[in-house]
$ cat target.cif   # mmCIF, N, CA and C atoms
data_structure
loop_
_atom_site.label_atom_id
_atom_site.label_comp_id
_atom_site.auth_asym_id
_atom_site.auth_seq_id
_atom_site.Cartn_x
_atom_site.Cartn_y
_atom_site.Cartn_z
N ASN A 20 235.70 121.86 83.65
CA ASN A 20 235.83 121.74 82.21
C ASN A 20 234.68 120.88 81.68
N ARG A 21 234.68 120.61 80.41
CA ARG A 21 233.53 119.92 79.81
C ARG A 21 233.30 118.54 80.37
N ASN A 22 234.31 117.93 80.98
CA ASN A 22 234.15 116.60 81.55
C ASN A 22 233.12 116.57 82.67
N ALA A 23 232.94 117.69 83.38
CA ALA A 23 231.97 117.75 84.47
C ALA A 23 230.55 117.48 83.98
N ILE A 24 230.27 117.83 82.73
CA ILE A 24 228.94 117.62 82.17
C ILE A 24 228.63 116.13 82.02
N PHE A 25 229.67 115.30 81.88
CA PHE A 25 229.47 113.88 81.58
C PHE A 25 229.83 112.93 82.71
N GLN A 26 230.19 113.43 83.88
CA GLN A 26 230.55 112.55 84.99
C GLN A 26 229.31 111.82 85.49
N GLY A 27 229.33 110.50 85.38
CA GLY A 27 228.20 109.70 85.83
C GLY A 27 227.01 109.78 84.89
N GLY A 28 227.22 110.10 83.64
CA GLY A 28 226.13 110.28 82.67
C GLY A 28 226.01 111.75 82.31
N VAL A 29 225.05 112.08 81.46
CA VAL A 29 224.86 113.47 81.06
C VAL A 29 224.25 114.24 82.23
N ARG A 30 224.87 115.35 82.59
CA ARG A 30 224.42 116.18 83.71
C ARG A 30 224.02 117.55 83.17
N PRO A 31 222.77 117.70 82.76
CA PRO A 31 222.34 118.94 82.11
C PRO A 31 222.46 120.18 82.99
N HIS A 32 222.46 120.00 84.30
CA HIS A 32 222.54 121.15 85.19
C HIS A 32 223.97 121.68 85.31
N MET A 33 224.91 121.01 84.66
CA MET A 33 226.30 121.49 84.58
C MET A 33 226.61 122.12 83.23
N TYR A 34 225.59 122.20 82.37
CA TYR A 34 225.79 122.72 81.01
C TYR A 34 225.66 124.24 80.99
N CYS A 35 226.70 124.90 80.58
CA CYS A 35 226.67 126.36 80.42
C CYS A 35 227.54 126.72 79.22
N LEU A 36 227.41 127.94 78.77
CA LEU A 36 228.20 128.42 77.65
C LEU A 36 228.96 129.68 78.05
N PRO A 37 230.15 129.91 77.60
CA PRO A 37 230.90 128.96 76.79
C PRO A 37 231.38 127.79 77.65
N VAL A 38 231.50 126.64 77.03
CA VAL A 38 232.01 125.46 77.71
C VAL A 38 233.53 125.57 77.78
N LEU A 39 234.08 125.36 78.97
CA LEU A 39 235.54 125.29 79.09
C LEU A 39 235.95 123.93 78.55
N LYS A 40 236.54 123.93 77.39
CA LYS A 40 236.77 122.67 76.70
C LYS A 40 237.86 121.81 77.31
N ARG A 41 238.90 122.44 77.78
CA ARG A 41 240.03 121.66 78.29
C ARG A 41 240.42 122.14 79.69
N GLU A 42 241.10 121.28 80.39
CA GLU A 42 241.57 121.63 81.72
C GLU A 42 242.50 122.85 81.67
N THR A 43 243.24 123.00 80.58
CA THR A 43 244.13 124.17 80.46
C THR A 43 243.33 125.47 80.47
N HIS A 44 242.11 125.44 79.94
CA HIS A 44 241.27 126.65 79.95
C HIS A 44 240.83 126.99 81.38
N ARG A 45 240.46 125.98 82.14
CA ARG A 45 240.07 126.20 83.54
C ARG A 45 241.27 126.72 84.34
N GLN A 46 242.42 126.14 84.09
CA GLN A 46 243.63 126.58 84.78
C GLN A 46 243.98 128.03 84.42
N ALA A 47 243.74 128.42 83.18
CA ALA A 47 244.01 129.80 82.76
C ALA A 47 243.11 130.78 83.51
N LEU A 48 241.87 130.42 83.74
CA LEU A 48 240.97 131.28 84.52
C LEU A 48 241.45 131.40 85.96
N LEU A 49 241.89 130.30 86.53
CA LEU A 49 242.42 130.34 87.90
C LEU A 49 243.69 131.19 87.97
N ALA A 50 244.53 131.10 86.96
CA ALA A 50 245.74 131.92 86.92
C ALA A 50 245.37 133.40 86.83
N ALA A 51 244.33 133.71 86.11
CA ALA A 51 243.89 135.11 85.98
C ALA A 51 243.45 135.67 87.33
N ILE A 52 242.68 134.90 88.09
CA ILE A 52 242.25 135.43 89.39
C ILE A 52 243.41 135.49 90.37
N LYS A 53 244.33 134.54 90.25
CA LYS A 53 245.49 134.55 91.14
C LYS A 53 246.40 135.74 90.86
N SER A 54 246.40 136.23 89.64
CA SER A 54 247.27 137.35 89.28
C SER A 54 246.91 138.63 90.04
N GLY A 55 245.65 138.75 90.42
CA GLY A 55 245.22 139.98 91.09
C GLY A 55 245.05 141.16 90.14
N SER A 56 245.15 140.92 88.86
CA SER A 56 245.03 142.00 87.88
C SER A 56 243.67 142.67 87.97
N PRO A 57 243.62 144.01 87.94
CA PRO A 57 242.33 144.71 87.97
C PRO A 57 241.53 144.54 86.69
N LYS A 58 242.11 143.88 85.68
CA LYS A 58 241.37 143.61 84.45
C LYS A 58 240.28 142.56 84.68
N PHE A 59 240.38 141.83 85.78
CA PHE A 59 239.43 140.77 86.07
C PHE A 59 238.62 141.13 87.30
N PHE A 60 237.29 141.04 87.17
CA PHE A 60 236.44 141.32 88.33
C PHE A 60 235.17 140.51 88.26
N LEU A 61 234.52 140.42 89.40
CA LEU A 61 233.35 139.57 89.57
C LEU A 61 232.20 140.02 88.68
N GLY A 62 231.58 139.06 88.08
CA GLY A 62 230.36 139.27 87.33
C GLY A 62 229.59 137.96 87.35
N THR A 63 228.67 137.82 88.27
CA THR A 63 227.94 136.56 88.32
C THR A 63 227.03 136.46 87.12
N ASP A 64 227.08 135.34 86.48
CA ASP A 64 226.23 135.08 85.32
C ASP A 64 225.35 133.89 85.66
N SER A 65 224.71 133.99 86.81
CA SER A 65 223.86 132.91 87.28
C SER A 65 222.65 132.78 86.36
N ALA A 66 222.33 131.57 85.97
CA ALA A 66 221.26 131.35 85.00
C ALA A 66 220.19 130.42 85.59
N PRO A 67 219.15 131.01 86.15
CA PRO A 67 218.10 130.17 86.76
C PRO A 67 217.09 129.66 85.73
N HIS A 68 217.30 128.44 85.27
CA HIS A 68 216.35 127.80 84.36
C HIS A 68 215.61 126.71 85.12
N PRO A 69 214.31 126.60 84.92
CA PRO A 69 213.56 125.53 85.61
C PRO A 69 214.10 124.15 85.23
N GLN A 70 213.94 123.23 86.15
CA GLN A 70 214.43 121.86 85.94
C GLN A 70 213.92 121.28 84.63
N ALA A 71 212.65 121.47 84.32
CA ALA A 71 212.08 120.90 83.10
C ALA A 71 212.77 121.44 81.84
N ALA A 72 213.15 122.72 81.85
CA ALA A 72 213.82 123.30 80.69
C ALA A 72 215.25 122.77 80.55
N LYS A 73 215.93 122.55 81.66
CA LYS A 73 217.30 122.03 81.61
C LYS A 73 217.33 120.56 81.18
N GLU A 74 216.28 119.82 81.53
CA GLU A 74 216.26 118.39 81.27
C GLU A 74 215.45 118.02 80.02
N SER A 75 215.19 118.99 79.16
CA SER A 75 214.43 118.74 77.94
C SER A 75 215.35 118.29 76.81
N SER A 76 214.77 117.93 75.68
CA SER A 76 215.58 117.47 74.55
C SER A 76 216.44 118.58 73.97
N CYS A 77 216.09 119.83 74.25
CA CYS A 77 216.89 120.97 73.79
C CYS A 77 217.13 121.87 75.00
N GLY A 78 217.91 121.37 75.95
CA GLY A 78 218.10 122.03 77.23
C GLY A 78 218.75 123.40 77.15
N CYS A 79 218.43 124.22 78.11
CA CYS A 79 218.98 125.58 78.21
C CYS A 79 220.41 125.54 78.74
N ALA A 80 221.24 126.42 78.23
CA ALA A 80 222.59 126.57 78.75
C ALA A 80 222.53 127.53 79.94
N GLY A 81 223.29 127.25 80.95
CA GLY A 81 223.37 128.12 82.11
C GLY A 81 223.34 127.32 83.39
N VAL A 82 224.11 127.76 84.36
CA VAL A 82 224.20 127.09 85.65
C VAL A 82 223.74 128.08 86.71
N PHE A 83 222.89 127.64 87.64
CA PHE A 83 222.42 128.52 88.70
C PHE A 83 223.41 128.51 89.86
N THR A 84 224.00 129.67 90.12
CA THR A 84 224.97 129.82 91.21
C THR A 84 224.57 130.90 92.21
N GLY A 85 223.41 131.51 92.00
CA GLY A 85 222.99 132.63 92.85
C GLY A 85 222.85 132.28 94.32
N HIS A 86 222.62 131.03 94.63
CA HIS A 86 222.46 130.60 96.02
C HIS A 86 223.77 130.65 96.80
N ALA A 87 224.91 130.67 96.11
CA ALA A 87 226.20 130.61 96.81
C ALA A 87 227.32 131.22 95.96
N ALA A 88 227.05 132.32 95.30
CA ALA A 88 228.03 132.89 94.38
C ALA A 88 229.35 133.24 95.07
N LEU A 89 229.29 134.03 96.13
CA LEU A 89 230.54 134.41 96.81
C LEU A 89 231.25 133.21 97.42
N GLU A 90 230.48 132.28 97.94
CA GLU A 90 231.07 131.09 98.54
C GLU A 90 231.81 130.26 97.48
N LEU A 91 231.25 130.16 96.29
CA LEU A 91 231.90 129.42 95.20
C LEU A 91 233.16 130.15 94.73
N TYR A 92 233.09 131.47 94.65
CA TYR A 92 234.30 132.24 94.32
C TYR A 92 235.38 132.02 95.38
N ALA A 93 234.99 132.00 96.65
CA ALA A 93 235.98 131.78 97.72
C ALA A 93 236.67 130.44 97.54
N GLU A 94 235.93 129.41 97.15
CA GLU A 94 236.55 128.11 96.90
C GLU A 94 237.58 128.21 95.78
N ALA A 95 237.21 128.90 94.70
CA ALA A 95 238.14 129.03 93.57
C ALA A 95 239.40 129.77 93.98
N PHE A 96 239.25 130.87 94.69
CA PHE A 96 240.42 131.64 95.12
C PHE A 96 241.27 130.83 96.10
N GLU A 97 240.62 130.13 97.01
CA GLU A 97 241.37 129.32 97.96
C GLU A 97 242.15 128.22 97.25
N SER A 98 241.58 127.67 96.19
CA SER A 98 242.24 126.56 95.48
C SER A 98 243.57 126.97 94.87
N VAL A 99 243.77 128.26 94.64
CA VAL A 99 245.04 128.74 94.09
C VAL A 99 245.76 129.65 95.09
N ASP A 100 245.42 129.48 96.37
CA ASP A 100 246.07 130.22 97.45
C ASP A 100 246.03 131.73 97.20
N ALA A 101 244.85 132.24 96.85
CA ALA A 101 244.71 133.66 96.52
C ALA A 101 243.53 134.32 97.24
N LEU A 102 243.19 133.83 98.41
CA LEU A 102 242.08 134.44 99.15
C LEU A 102 242.31 135.93 99.40
N ASP A 103 243.57 136.32 99.50
CA ASP A 103 243.89 137.74 99.72
C ASP A 103 243.50 138.61 98.53
N LYS A 104 243.19 138.00 97.39
CA LYS A 104 242.80 138.75 96.19
C LYS A 104 241.29 138.79 95.97
N LEU A 105 240.54 138.05 96.78
CA LEU A 105 239.10 137.94 96.57
C LEU A 105 238.36 139.26 96.78
N GLU A 106 238.70 140.01 97.81
CA GLU A 106 237.98 141.26 98.07
C GLU A 106 238.11 142.24 96.91
N ALA A 107 239.32 142.41 96.40
CA ALA A 107 239.51 143.34 95.28
C ALA A 107 238.76 142.86 94.05
N PHE A 108 238.80 141.56 93.77
CA PHE A 108 238.10 140.98 92.63
C PHE A 108 236.59 141.20 92.75
N ALA A 109 236.06 141.00 93.96
CA ALA A 109 234.62 141.08 94.17
C ALA A 109 234.11 142.51 94.38
N SER A 110 234.95 143.39 94.92
CA SER A 110 234.44 144.69 95.37
C SER A 110 235.12 145.92 94.81
N HIS A 111 236.35 145.81 94.35
CA HIS A 111 237.09 147.01 93.95
C HIS A 111 237.31 147.14 92.44
N HIS A 112 237.72 146.05 91.80
CA HIS A 112 238.10 146.15 90.39
C HIS A 112 236.94 146.58 89.49
N GLY A 113 235.75 146.08 89.73
CA GLY A 113 234.59 146.45 88.90
C GLY A 113 234.26 147.93 88.97
N PRO A 114 234.00 148.47 90.18
CA PRO A 114 233.69 149.90 90.27
C PRO A 114 234.83 150.77 89.76
N ASP A 115 236.06 150.37 90.04
CA ASP A 115 237.21 151.14 89.55
C ASP A 115 237.22 151.19 88.02
N PHE A 116 236.95 150.07 87.38
CA PHE A 116 236.92 149.99 85.92
C PHE A 116 235.86 150.91 85.33
N TYR A 117 234.70 150.93 85.97
CA TYR A 117 233.59 151.74 85.46
C TYR A 117 233.55 153.16 86.02
N GLY A 118 234.53 153.51 86.86
CA GLY A 118 234.57 154.85 87.43
C GLY A 118 233.45 155.11 88.41
N LEU A 119 233.04 154.10 89.11
CA LEU A 119 231.97 154.21 90.10
C LEU A 119 232.55 154.17 91.51
N PRO A 120 231.84 154.71 92.48
CA PRO A 120 232.34 154.62 93.85
C PRO A 120 232.28 153.18 94.36
N ARG A 121 233.24 152.85 95.18
CA ARG A 121 233.24 151.51 95.79
C ARG A 121 232.16 151.44 96.86
N ASN A 122 231.58 150.28 97.01
CA ASN A 122 230.61 150.04 98.07
C ASN A 122 231.33 150.09 99.41
N THR A 123 230.73 150.71 100.39
CA THR A 123 231.37 150.81 101.71
C THR A 123 230.92 149.70 102.65
N GLY A 124 229.91 148.93 102.26
CA GLY A 124 229.46 147.81 103.09
C GLY A 124 230.42 146.64 103.01
N THR A 125 230.28 145.73 103.93
CA THR A 125 231.13 144.54 103.94
C THR A 125 230.28 143.29 104.15
N VAL A 126 230.84 142.17 103.79
CA VAL A 126 230.26 140.86 104.07
C VAL A 126 231.36 140.01 104.69
N THR A 127 230.95 138.95 105.34
CA THR A 127 231.92 138.05 105.97
C THR A 127 231.66 136.63 105.52
N LEU A 128 232.71 135.99 105.06
CA LEU A 128 232.66 134.58 104.70
C LEU A 128 233.40 133.79 105.78
N GLU A 129 232.85 132.64 106.11
CA GLU A 129 233.49 131.78 107.11
C GLU A 129 233.74 130.42 106.47
N ARG A 130 234.91 129.86 106.74
CA ARG A 130 235.23 128.53 106.19
C ARG A 130 234.48 127.49 107.01
N ARG A 131 233.23 127.30 106.61
CA ARG A 131 232.33 126.35 107.25
C ARG A 131 231.42 125.82 106.14
N PRO A 132 231.26 124.51 106.05
CA PRO A 132 230.46 123.96 104.95
C PRO A 132 229.04 124.51 104.90
N LEU A 133 228.61 124.79 103.69
CA LEU A 133 227.25 125.23 103.41
C LEU A 133 226.56 124.12 102.63
N ALA A 134 225.51 123.54 103.21
CA ALA A 134 224.76 122.49 102.53
C ALA A 134 223.92 123.11 101.42
N VAL A 135 224.02 122.53 100.23
CA VAL A 135 223.25 123.02 99.09
C VAL A 135 222.04 122.09 98.92
N PRO A 136 220.84 122.66 98.91
CA PRO A 136 219.66 121.80 98.74
C PRO A 136 219.65 121.11 97.38
N ALA A 137 218.97 119.99 97.31
CA ALA A 137 218.88 119.23 96.05
C ALA A 137 218.09 120.00 95.00
N ALA A 138 217.17 120.85 95.45
CA ALA A 138 216.36 121.65 94.53
C ALA A 138 215.80 122.85 95.30
N LEU A 139 215.47 123.89 94.53
CA LEU A 139 214.86 125.10 95.09
C LEU A 139 213.54 125.34 94.36
N ARG A 140 212.56 125.90 95.06
CA ARG A 140 211.31 126.27 94.40
C ARG A 140 211.59 127.39 93.41
N PHE A 141 210.93 127.32 92.26
CA PHE A 141 211.17 128.30 91.21
C PHE A 141 209.86 128.59 90.50
N GLY A 142 209.11 129.50 91.03
CA GLY A 142 207.81 129.81 90.45
C GLY A 142 206.79 128.75 90.79
N PRO A 143 205.58 128.94 90.32
CA PRO A 143 204.51 128.00 90.64
C PRO A 143 204.76 126.61 90.03
N GLY A 144 204.93 125.63 90.88
CA GLY A 144 205.09 124.26 90.43
C GLY A 144 206.40 123.91 89.75
N GLU A 145 207.37 124.81 89.79
CA GLU A 145 208.66 124.56 89.14
C GLU A 145 209.75 124.36 90.19
N LEU A 146 210.78 123.64 89.79
CA LEU A 146 211.97 123.47 90.62
C LEU A 146 213.18 123.95 89.85
N LEU A 147 214.19 124.33 90.59
CA LEU A 147 215.46 124.79 90.05
C LEU A 147 216.54 123.94 90.71
N ILE A 148 217.45 123.42 89.94
CA ILE A 148 218.55 122.60 90.47
C ILE A 148 219.79 123.48 90.54
N PRO A 149 220.25 123.82 91.75
CA PRO A 149 221.42 124.69 91.86
C PRO A 149 222.74 123.93 91.64
N LEU A 150 223.79 124.69 91.34
CA LEU A 150 225.12 124.09 91.25
C LEU A 150 225.45 123.46 92.61
N ARG A 151 225.98 122.26 92.59
CA ARG A 151 226.33 121.48 93.76
C ARG A 151 225.09 120.95 94.51
N ALA A 152 224.01 120.77 93.79
CA ALA A 152 222.77 120.27 94.40
C ALA A 152 223.03 119.01 95.22
N GLY A 153 222.56 119.02 96.48
CA GLY A 153 222.73 117.87 97.36
C GLY A 153 224.13 117.70 97.89
N GLU A 154 225.02 118.63 97.58
CA GLU A 154 226.41 118.56 98.06
C GLU A 154 226.65 119.74 99.01
N SER A 155 227.89 120.16 99.12
CA SER A 155 228.18 121.32 99.96
C SER A 155 229.24 122.20 99.32
N VAL A 156 229.30 123.42 99.82
CA VAL A 156 230.31 124.39 99.43
C VAL A 156 231.13 124.64 100.69
N ALA A 157 232.42 124.82 100.57
CA ALA A 157 233.30 124.92 101.72
C ALA A 157 233.14 126.20 102.55
N TRP A 158 232.53 127.22 101.96
CA TRP A 158 232.41 128.52 102.62
C TRP A 158 230.95 128.88 102.85
N THR A 159 230.70 129.69 103.88
CA THR A 159 229.36 130.17 104.21
C THR A 159 229.40 131.68 104.36
N LEU A 160 228.45 132.36 103.72
CA LEU A 160 228.30 133.80 103.88
C LEU A 160 227.51 134.01 105.16
N LEU A 161 228.10 134.73 106.11
CA LEU A 161 227.44 134.96 107.39
C LEU A 161 226.41 136.07 107.27
N ALA A 162 225.35 135.93 108.04
CA ALA A 162 224.35 137.00 108.08
C ALA A 162 224.97 138.21 108.77
N PRO A 163 224.62 139.42 108.33
CA PRO A 163 225.19 140.61 108.98
C PRO A 163 224.76 140.71 110.43
N ALA A 164 225.65 141.21 111.26
CA ALA A 164 225.34 141.41 112.68
C ALA A 164 224.31 142.53 112.79
N GLU A 165 223.39 142.36 113.70
CA GLU A 165 222.37 143.40 113.88
C GLU A 165 222.68 144.27 115.06
#

$ encode --input "target.cif" --output "structure tokens"
Amino acid sequence: NRNAIFQGGVRPHMYCLPVLKRETHRQALLAAIKSGSPKFFLGTDSAPHPQAAKESSCGCAGVFTGHAALELYAEAFESVDALDKLEAFASHHGPDFYGLPRNTGTVTLERRPLAVPAALRFGPGELLIPLRAGESVAWTLLAPAE
């Protein structure tokens, strides 16, 4: 919720729109994913803005999650005891809604901490601060077996 933006001072890399104003709004999103309803499906809205743009006097809205999108979703689903609903949310509901064929490939997530770097290179001379910079995510996307 909006409190994350202000924990320990202003944290511009946590600023995105729309802002979840209250904890009840965050809880409503978790209830939606826990429901398993096909009305809800994955759509990453990862926003890679350079560090300088996020930390300017008129910072950009958006949080970069592309480095660990599925892993972050797994944390959210696990937090509401709904891991059994993650595959449909990530892989079935979207194509079904749009009348597209489902992807036949698979990925594997393992409950093993993934260290998130403090920053990522982003173009010539730029850095990008990812969500959870310098921290970890509880899940790791495994490389496909060869």

$ resolve_selection --input "target.cif" --expression "the PyMOL selection byres ((chain A and resi 132) around 6)" --output "list in words"
Arg130, Arg131, Leu133, Ala134, Ser155, Val156, Ala157, Trp158 and Thr159 of chain A

$ select_by_dssp --input "target.cif" --residues "segment 39-152 of chain A" --states "helix (DSSP H, G or I)" --output "ChimeraX atom specification"
/A:42-54,70-73,88-98,102-117

$ residues_around --input "target.cif" --residues "Leu39 of chain A" --least-positions-apart "6" --cutoff "7 Å" --atoms "only N, CA and C atoms" --output "tab-separated table (two decimals) with N, CA and C atoms, keeping the file's coordinate frame"
chain	number	residue	atom	x	y	z
A	20	ASN	N	235.70	121.86	83.65
A	20	ASN	CA	235.83	121.74	82.21
A	20	ASN	C	234.68	120.88	81.68
A	21	ARG	N	234.68	120.61	80.41
A	21	ARG	CA	233.53	119.92	79.81
A	21	ARG	C	233.30	118.54	80.37
A	22	ASN	N	234.31	117.93	80.98
A	22	ASN	CA	234.15	116.60	81.55
A	22	ASN	C	233.12	116.57	82.67
A	45	ARG	N	240.46	125.98	82.14
A	45	ARG	CA	240.07	126.20	83.54
A	45	ARG	C	241.27	126.72	84.34

$ residues_around --input "target.cif" --residues "Ala107 of chain A" --least-positions-apart "3" --cutoff "8 Å" --atoms "only N, CA and C atoms" --output "list of chain:residue names"
A:Gly55, A:Ser56, A:Pro57, A:Phe59, A:Phe60, A:Leu61, A:Leu102, A:Asp103, A:Lys104, A:Ser110, A:His111, A:His112, A:Gly113

$ residues_around --input "target.cif" --residues "segment 80-83 of chain A" --least-positions-apart "5" --cutoff "8 Å" --atoms "all atoms listed in the file" --output "list in words"
Pro31, His32, Met33, Tyr34, Cys35, Leu36, Asp64, Ser65, Ala66, Pro67, His68, Ala72, Lys73, Ala88, Leu147, Ile148, Pro149, Leu150 and Arg151 of chain A

$ decode --input "target.cif" --residues "segment 39-62 of chain A" --atoms "N, CA and C atoms" --output "short mmCIF file (atom, residue, chain, number, x, y, z; two decimals), in the first residue's frame"
data_model
loop_
_atom_site.label_atom_id
_atom_site.label_comp_id
_atom_site.auth_asym_id
_atom_site.auth_seq_id
_atom_site.Cartn_x
_atom_site.Cartn_y
_atom_site.Cartn_z
N LEU A 39 -2.02 1.95 -4.34
CA LEU A 39 -2.98 1.28 -3.45
C LEU A 39 -3.02 2.10 -2.17
N LYS A 40 -4.09 2.81 -1.98
CA LYS A 40 -4.13 3.79 -0.90
C LYS A 40 -4.23 3.17 0.48
N ARG A 41 -4.98 2.12 0.60
CA ARG A 41 -5.19 1.54 1.93
C ARG A 41 -4.89 0.05 1.92
N GLU A 42 -4.65 -0.47 3.08
CA GLU A 42 -4.39 -1.90 3.22
C GLU A 42 -5.59 -2.71 2.73
N THR A 43 -6.79 -2.18 2.88
CA THR A 43 -7.98 -2.91 2.41
C THR A 43 -7.92 -3.11 0.89
N HIS A 44 -7.33 -2.17 0.17
CA HIS A 44 -7.20 -2.31 -1.29
C HIS A 44 -6.23 -3.43 -1.64
N ARG A 45 -5.12 -3.51 -0.92
CA ARG A 45 -4.15 -4.59 -1.15
C ARG A 45 -4.79 -5.94 -0.82
N GLN A 46 -5.53 -5.98 0.27
CA GLN A 46 -6.20 -7.21 0.66
C GLN A 46 -7.25 -7.63 -0.38
N ALA A 47 -7.92 -6.67 -0.99
CA ALA A 47 -8.91 -6.98 -2.02
C ALA A 47 -8.24 -7.62 -3.24
N LEU A 48 -7.07 -7.15 -3.60
CA LEU A 48 -6.33 -7.77 -4.72
C LEU A 48 -5.93 -9.20 -4.38
N LEU A 49 -5.48 -9.42 -3.16
CA LEU A 49 -5.12 -10.77 -2.74
C LEU A 49 -6.35 -11.69 -2.72
N ALA A 50 -7.48 -11.16 -2.30
CA ALA A 50 -8.72 -11.95 -2.31
C ALA A 50 -9.10 -12.32 -3.74
N ALA A 51 -8.88 -11.41 -4.66
CA ALA A 51 -9.20 -11.68 -6.07
C ALA A 51 -8.36 -12.84 -6.61
N ILE A 52 -7.07 -12.84 -6.32
CA ILE A 52 -6.25 -13.94 -6.84
C ILE A 52 -6.57 -15.25 -6.13
N LYS A 53 -6.91 -15.15 -4.85
CA LYS A 53 -7.26 -16.36 -4.11
C LYS A 53 -8.56 -16.97 -4.61
N SER A 54 -9.44 -16.16 -5.16
CA SER A 54 -10.73 -16.66 -5.65
C SER A 54 -10.57 -17.64 -6.80
N GLY A 55 -9.49 -17.49 -7.56
CA GLY A 55 -9.31 -18.35 -8.73
C GLY A 55 -10.20 -17.97 -9.91
N SER A 56 -10.88 -16.86 -9.81
CA SER A 56 -11.78 -16.44 -10.88
C SER A 56 -11.02 -16.22 -12.18
N PRO A 57 -11.54 -16.70 -13.31
CA PRO A 57 -10.88 -16.48 -14.60
C PRO A 57 -10.95 -15.03 -15.06
N LYS A 58 -11.66 -14.18 -14.32
CA LYS A 58 -11.69 -12.75 -14.65
C LYS A 58 -10.35 -12.08 -14.36
N PHE A 59 -9.51 -12.74 -13.58
CA PHE A 59 -8.22 -12.17 -13.19
C PHE A 59 -7.10 -13.00 -13.79
N PHE A 60 -6.18 -12.31 -14.47
CA PHE A 60 -5.03 -13.02 -15.04
C PHE A 60 -3.82 -12.12 -15.09
N LEU A 61 -2.68 -12.76 -15.24
CA LEU A 61 -1.40 -12.09 -15.17
C LEU A 61 -1.24 -11.07 -16.28
N GLY A 62 -0.73 -9.94 -15.91
CA GLY A 62 -0.35 -8.91 -16.85
C GLY A 62 0.75 -8.09 -16.20
#
